[in-house]
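Structure record follows, encoded as structure tokens.
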Amino acid sequence: MKRTLCLLAVALLFTACVNNNECKVSIGDATFQCDPNSAAYSGLNHVGGYEYFTGGHRGVVVVRLTLNEFMAFERTCPCDNDSRVVVSSDYGAQVLECPTCRTLFSTNNYGNPMDGAATRCPLYQYSTRYTGGILYVY
């Protein structure tokens with residue numbers, strides 16, 4: 001009995017985030033706009049900054065790469081639909097991290113996983129357009 005429980009526990013541990021060849025990420029409606037230079041979105045007021053937004057499946061994170069370039073990513077981890085990626089406490093907005101499988105995703109490399117990742121799948125990237133001081137995410 002103990003052996004069976006131990007084997008079951010080990011199996012569950014290794015299936016928490018499976019290195020899957022299929023890239024299926026739940027997404028949702030993430031159509032919104034904002035003024036990234038306003039006080040309401042102070043996290044986006046500088047290069048390397050970020051803000052979390054509602055929308056999508058588990059939320060959207062917008063990262064400011066340059067003065068005029070932004071990227072928006074679905075926060076659902078492609079390894080685990082129940083996990084929400086967060087900005088890395090070690091690397092800042094250049095890296096998003098899944099707290100469940102510990103995969104690191106590079107925002108400078110279109111949300112692709114970094115070395116040693118639990119998945120080969122990138123984060124889902126929403127389209128962005130920055131014009132007239134307004135950022136459109138869709």
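We name chains A, B, ... following the order of the structure tokens; residues begin at 1 in each chain, and ligands are numbered from 1 as shown.
All residues of protein, DNA or RNA that reach within 6 Å of range 105-110 of chain A, judged by only C-alpha atoms and not counting those fewer than 2 positions away in the chain, are Gln94, Val95, Leu96, Asn112, Pro113 and Met114 of chain A.
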Restricting it to C-alpha atoms, dump the selection as a PDB file, in the first residue's frame.
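In the end it all went to again-v3.pdb:
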```
ATOM      1  CA  GLN A  94      12.468  40.649 -19.513  1.00  0.00           C
ATOM      2  CA  VAL A  95      11.426  37.257 -18.129  1.00  0.00           C
ATOM      3  CA  LEU A  96       8.017  35.851 -17.241  1.00  0.00           C
ATOM      4  CA  ASN A 112       9.695  31.676 -26.062  1.00  0.00           C
ATOM      5  CA  PRO A 113      10.814  29.424 -23.209  1.00  0.00           C
ATOM      6  CA  MET A 114      14.393  29.662 -22.044  1.00  0.00           C
TER       7      MET A 114
END
```
- request: Based on DSSP run over this structure's backbone, return all residues of chain A in strand (DSSP E or B), as a ChimeraX atom specification.
  value: /A:32-34,50-53,60-64,70-74,76-77,80-84,86-88,92-97,104-106,112-113,125-126,128-131,134-137
task: Pull the alpha helix (DSSP H) assignments for chain A out of DSSP run on the backbone, and list those residues as a VMD selection string.
output: chain A and resid 2 to 14
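You can rank A:Asn45, A:Ser38, A:Ser89, A:Ser26 by their closest distance to Leu123 in chain A using only C-alpha atoms, and at the top of that list sits A:Ser26.
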statement: Of A:Glu51, A:Asp115, A:Glu97, A:Asp90, the one sitting nearest Thr76 in chain A when using only C-alpha atoms is A:Glu97
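Coordinates place CA of Cys34 in chain A at a distance of 19.3 Å from CA of His57 in chain A.
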- prompt: Any idea what's packed within 9 Å of Gly49 in chain A, counting only C-alpha atoms, ignoring anything in its chain fewer than 5 positions away? Could you give it as JSON, numbers by chain?
  reply: {"A": [42, 43, 44, 62, 63, 64, 65, 92, 93]}
Export of prior selection with N, CA, C and O atoms as a compact mmCIF listing (two decimals), in the first residue's frame:
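To be explicit, this is the file written out as result_23.txt:
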```txt
# COMPACT_ATOMS: atom_id res chain seq x y z
N SER A 42 1.46 53.53 -14.60
CA SER A 42 2.83 53.97 -14.27
C SER A 42 3.87 52.89 -14.51
O SER A 42 5.03 53.19 -14.78
N GLY A 43 3.47 51.62 -14.45
CA GLY A 43 4.41 50.54 -14.72
C GLY A 43 4.91 50.54 -16.15
O GLY A 43 5.96 49.99 -16.45
N LEU A 44 4.15 51.16 -17.05
CA LEU A 44 4.53 51.22 -18.47
C LEU A 44 5.21 52.53 -18.84
O LEU A 44 5.55 52.74 -20.00
N VAL A 62 1.48 43.32 -20.26
CA VAL A 62 2.05 44.16 -21.31
C VAL A 62 3.41 44.63 -20.83
O VAL A 62 3.56 45.10 -19.70
N VAL A 63 4.40 44.50 -21.71
CA VAL A 63 5.78 44.87 -21.41
C VAL A 63 6.22 45.94 -22.39
O VAL A 63 5.95 45.84 -23.59
N ARG A 64 6.89 46.97 -21.88
CA ARG A 64 7.42 48.03 -22.75
C ARG A 64 8.88 47.70 -23.06
O ARG A 64 9.74 47.76 -22.20
N LEU A 65 9.13 47.34 -24.34
CA LEU A 65 10.48 46.95 -24.76
C LEU A 65 11.35 48.16 -25.12
O LEU A 65 12.55 48.16 -24.83
N GLY A 92 13.12 40.74 -13.74
CA GLY A 92 12.25 41.84 -14.15
C GLY A 92 11.41 41.45 -15.35
O GLY A 92 11.22 40.27 -15.65
N ALA A 93 10.90 42.45 -16.06
CA ALA A 93 9.95 42.24 -17.14
C ALA A 93 10.56 41.58 -18.38
O ALA A 93 9.85 41.26 -19.32
```
Give me, as a tab-separated table, the closest atom pair and its distance (Å, one decimal) for every residue of range 27-48 of chain A within a cut-off of 10 Å of range 125-129 of chain A, counting only C-alpha atoms, rows sorted by chain and rising number.
```
residue	atom	partner	partner_atom	distance
A:Ile27	CA	A:Tyr126	CA	9.6
A:Asp29	CA	A:Tyr126	CA	9.9
A:Ala30	CA	A:Tyr126	CA	7.6
A:Thr31	CA	A:Tyr126	CA	9.0
A:Phe32	CA	A:Thr128	CA	9.8
A:Gln33	CA	A:Thr128	CA	9.4
```
Just all heavy atoms for this one: save the residues we selected as a short mmCIF file (atom, residue, chain, number, x, y, z; two decimals), in the first residue's frame.
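again06.cif was written with the following content:
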```cif
data_model
loop_
_atom_site.label_atom_id
_atom_site.label_comp_id
_atom_site.auth_asym_id
_atom_site.auth_seq_id
_atom_site.Cartn_x
_atom_site.Cartn_y
_atom_site.Cartn_z
N ILE A 27 -7.02 30.93 -24.52
CA ILE A 27 -6.97 32.39 -24.61
C ILE A 27 -8.39 32.92 -24.56
O ILE A 27 -9.34 32.16 -24.66
CB ILE A 27 -6.26 32.87 -25.89
CG1 ILE A 27 -6.98 32.37 -27.14
CG2 ILE A 27 -4.81 32.45 -25.91
CD1 ILE A 27 -6.49 32.98 -28.42
N ASP A 29 -10.80 36.95 -24.87
CA ASP A 29 -10.84 38.28 -25.46
C ASP A 29 -9.89 39.21 -24.70
O ASP A 29 -10.00 39.36 -23.49
CB ASP A 29 -12.26 38.84 -25.42
CG ASP A 29 -12.34 40.23 -26.05
OD1 ASP A 29 -11.58 40.49 -27.01
OD2 ASP A 29 -13.15 41.05 -25.58
N ALA A 30 -8.98 39.79 -25.42
CA ALA A 30 -8.03 40.72 -24.82
C ALA A 30 -7.95 41.97 -25.66
O ALA A 30 -6.88 42.39 -26.08
CB ALA A 30 -6.67 40.06 -24.68
N THR A 31 -9.07 42.56 -25.95
CA THR A 31 -9.12 43.77 -26.75
C THR A 31 -9.29 44.96 -25.81
O THR A 31 -10.31 45.10 -25.15
CB THR A 31 -10.29 43.71 -27.75
OG1 THR A 31 -10.16 42.52 -28.54
CG2 THR A 31 -10.30 44.93 -28.64
N PHE A 32 -8.24 45.81 -25.74
CA PHE A 32 -8.32 47.00 -24.91
C PHE A 32 -7.31 48.02 -25.39
O PHE A 32 -6.48 47.73 -26.26
CB PHE A 32 -8.10 46.67 -23.43
CG PHE A 32 -6.78 46.01 -23.11
CD1 PHE A 32 -5.64 46.78 -22.83
CD2 PHE A 32 -6.67 44.64 -23.08
CE1 PHE A 32 -4.43 46.17 -22.54
CE2 PHE A 32 -5.46 44.02 -22.78
CZ PHE A 32 -4.34 44.78 -22.51
N GLN A 33 -7.40 49.20 -24.85
CA GLN A 33 -6.44 50.27 -25.17
C GLN A 33 -6.10 51.02 -23.91
O GLN A 33 -6.86 51.02 -22.94
CB GLN A 33 -7.01 51.20 -26.23
CG GLN A 33 -8.23 51.97 -25.79
CD GLN A 33 -8.86 52.75 -26.93
OE1 GLN A 33 -8.94 52.28 -28.05
NE2 GLN A 33 -9.31 53.96 -26.62
#
```
Thr66 in chain A environment, 9 Å, only C-alpha atoms, sequence neighbours closer than 2 positions dropped, as a ChimeraX atom specification: /A:46-48,64,68-70
Mind writing the picked residues with N, CA, C and O atoms as a PDB file, in the first residue's frame?
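So result-v1.pdb came out as:
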```pdb
ATOM      1  N   HIS A  46       8.089  53.585 -18.404  1.00  0.00           N
ATOM      2  CA  HIS A  46       9.523  53.514 -18.711  1.00  0.00           C
ATOM      3  C   HIS A  46       9.850  52.213 -19.454  1.00  0.00           C
ATOM      4  O   HIS A  46       9.135  51.218 -19.342  1.00  0.00           O
ATOM      5  N   VAL A  47      10.912  52.250 -20.233  1.00  0.00           N
ATOM      6  CA  VAL A  47      11.377  51.066 -20.941  1.00  0.00           C
ATOM      7  C   VAL A  47      11.729  49.983 -19.921  1.00  0.00           C
ATOM      8  O   VAL A  47      12.369  50.257 -18.909  1.00  0.00           O
ATOM      9  N   GLY A  48      11.272  48.774 -20.172  1.00  0.00           N
ATOM     10  CA  GLY A  48      11.486  47.670 -19.236  1.00  0.00           C
ATOM     11  C   GLY A  48      10.372  47.533 -18.221  1.00  0.00           C
ATOM     12  O   GLY A  48      10.387  46.623 -17.398  1.00  0.00           O
ATOM     13  N   ARG A  64       6.895  46.973 -21.876  1.00  0.00           N
ATOM     14  CA  ARG A  64       7.421  48.026 -22.748  1.00  0.00           C
ATOM     15  C   ARG A  64       8.880  47.699 -23.064  1.00  0.00           C
ATOM     16  O   ARG A  64       9.744  47.759 -22.200  1.00  0.00           O
ATOM     17  N   ASN A  68       8.718  52.973 -28.127  1.00  0.00           N
ATOM     18  CA  ASN A  68       7.562  52.808 -29.011  1.00  0.00           C
ATOM     19  C   ASN A  68       7.193  51.359 -29.297  1.00  0.00           C
ATOM     20  O   ASN A  68       6.372  51.097 -30.162  1.00  0.00           O
ATOM     21  N   GLU A  69       7.783  50.408 -28.589  1.00  0.00           N
ATOM     22  CA  GLU A  69       7.503  48.998 -28.846  1.00  0.00           C
ATOM     23  C   GLU A  69       7.016  48.309 -27.576  1.00  0.00           C
ATOM     24  O   GLU A  69       7.655  48.374 -26.531  1.00  0.00           O
ATOM     25  N   PHE A  70       5.879  47.637 -27.725  1.00  0.00           N
ATOM     26  CA  PHE A  70       5.253  46.923 -26.621  1.00  0.00           C
ATOM     27  C   PHE A  70       4.943  45.499 -27.045  1.00  0.00           C
ATOM     28  O   PHE A  70       4.719  45.235 -28.225  1.00  0.00           O
TER      29      PHE A  70
END
```
statement: Across A:Ile134, A:Val25, A:Val60, A:Leu104, the smallest distance to Cys79 in chain A, with only C-alpha atoms counted, is shown by A:Val25
task: May I ask which of the residues A:Tyr41, A:Gly132, A:Glu22, A:Val137 is the closest one to Ala72 in chain A, counting only C-alpha atoms?
output: A:Val137
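Of the listed residues A:Ala117, A:Val85, A:Ala39, A:Cys101, the one whose atoms come nearest to Val61 in chain A is A:Val85, with distances taken using only C-alpha atoms.
From CA of Gly133 in chain A back to CA of Phe73 in chain A, the distance works out to 20.3 Å.
One distance worth recording is that between CA of Tyr52 in chain A and CA of Glu74 in chain A, which is 10.1 Å.
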query: For Ala118 in chain A, which residue among A:Leu135, A:Tyr91, A:Pro78, A:Thr54 is the nearest when counting only C-alpha atoms?
result: A:Pro78
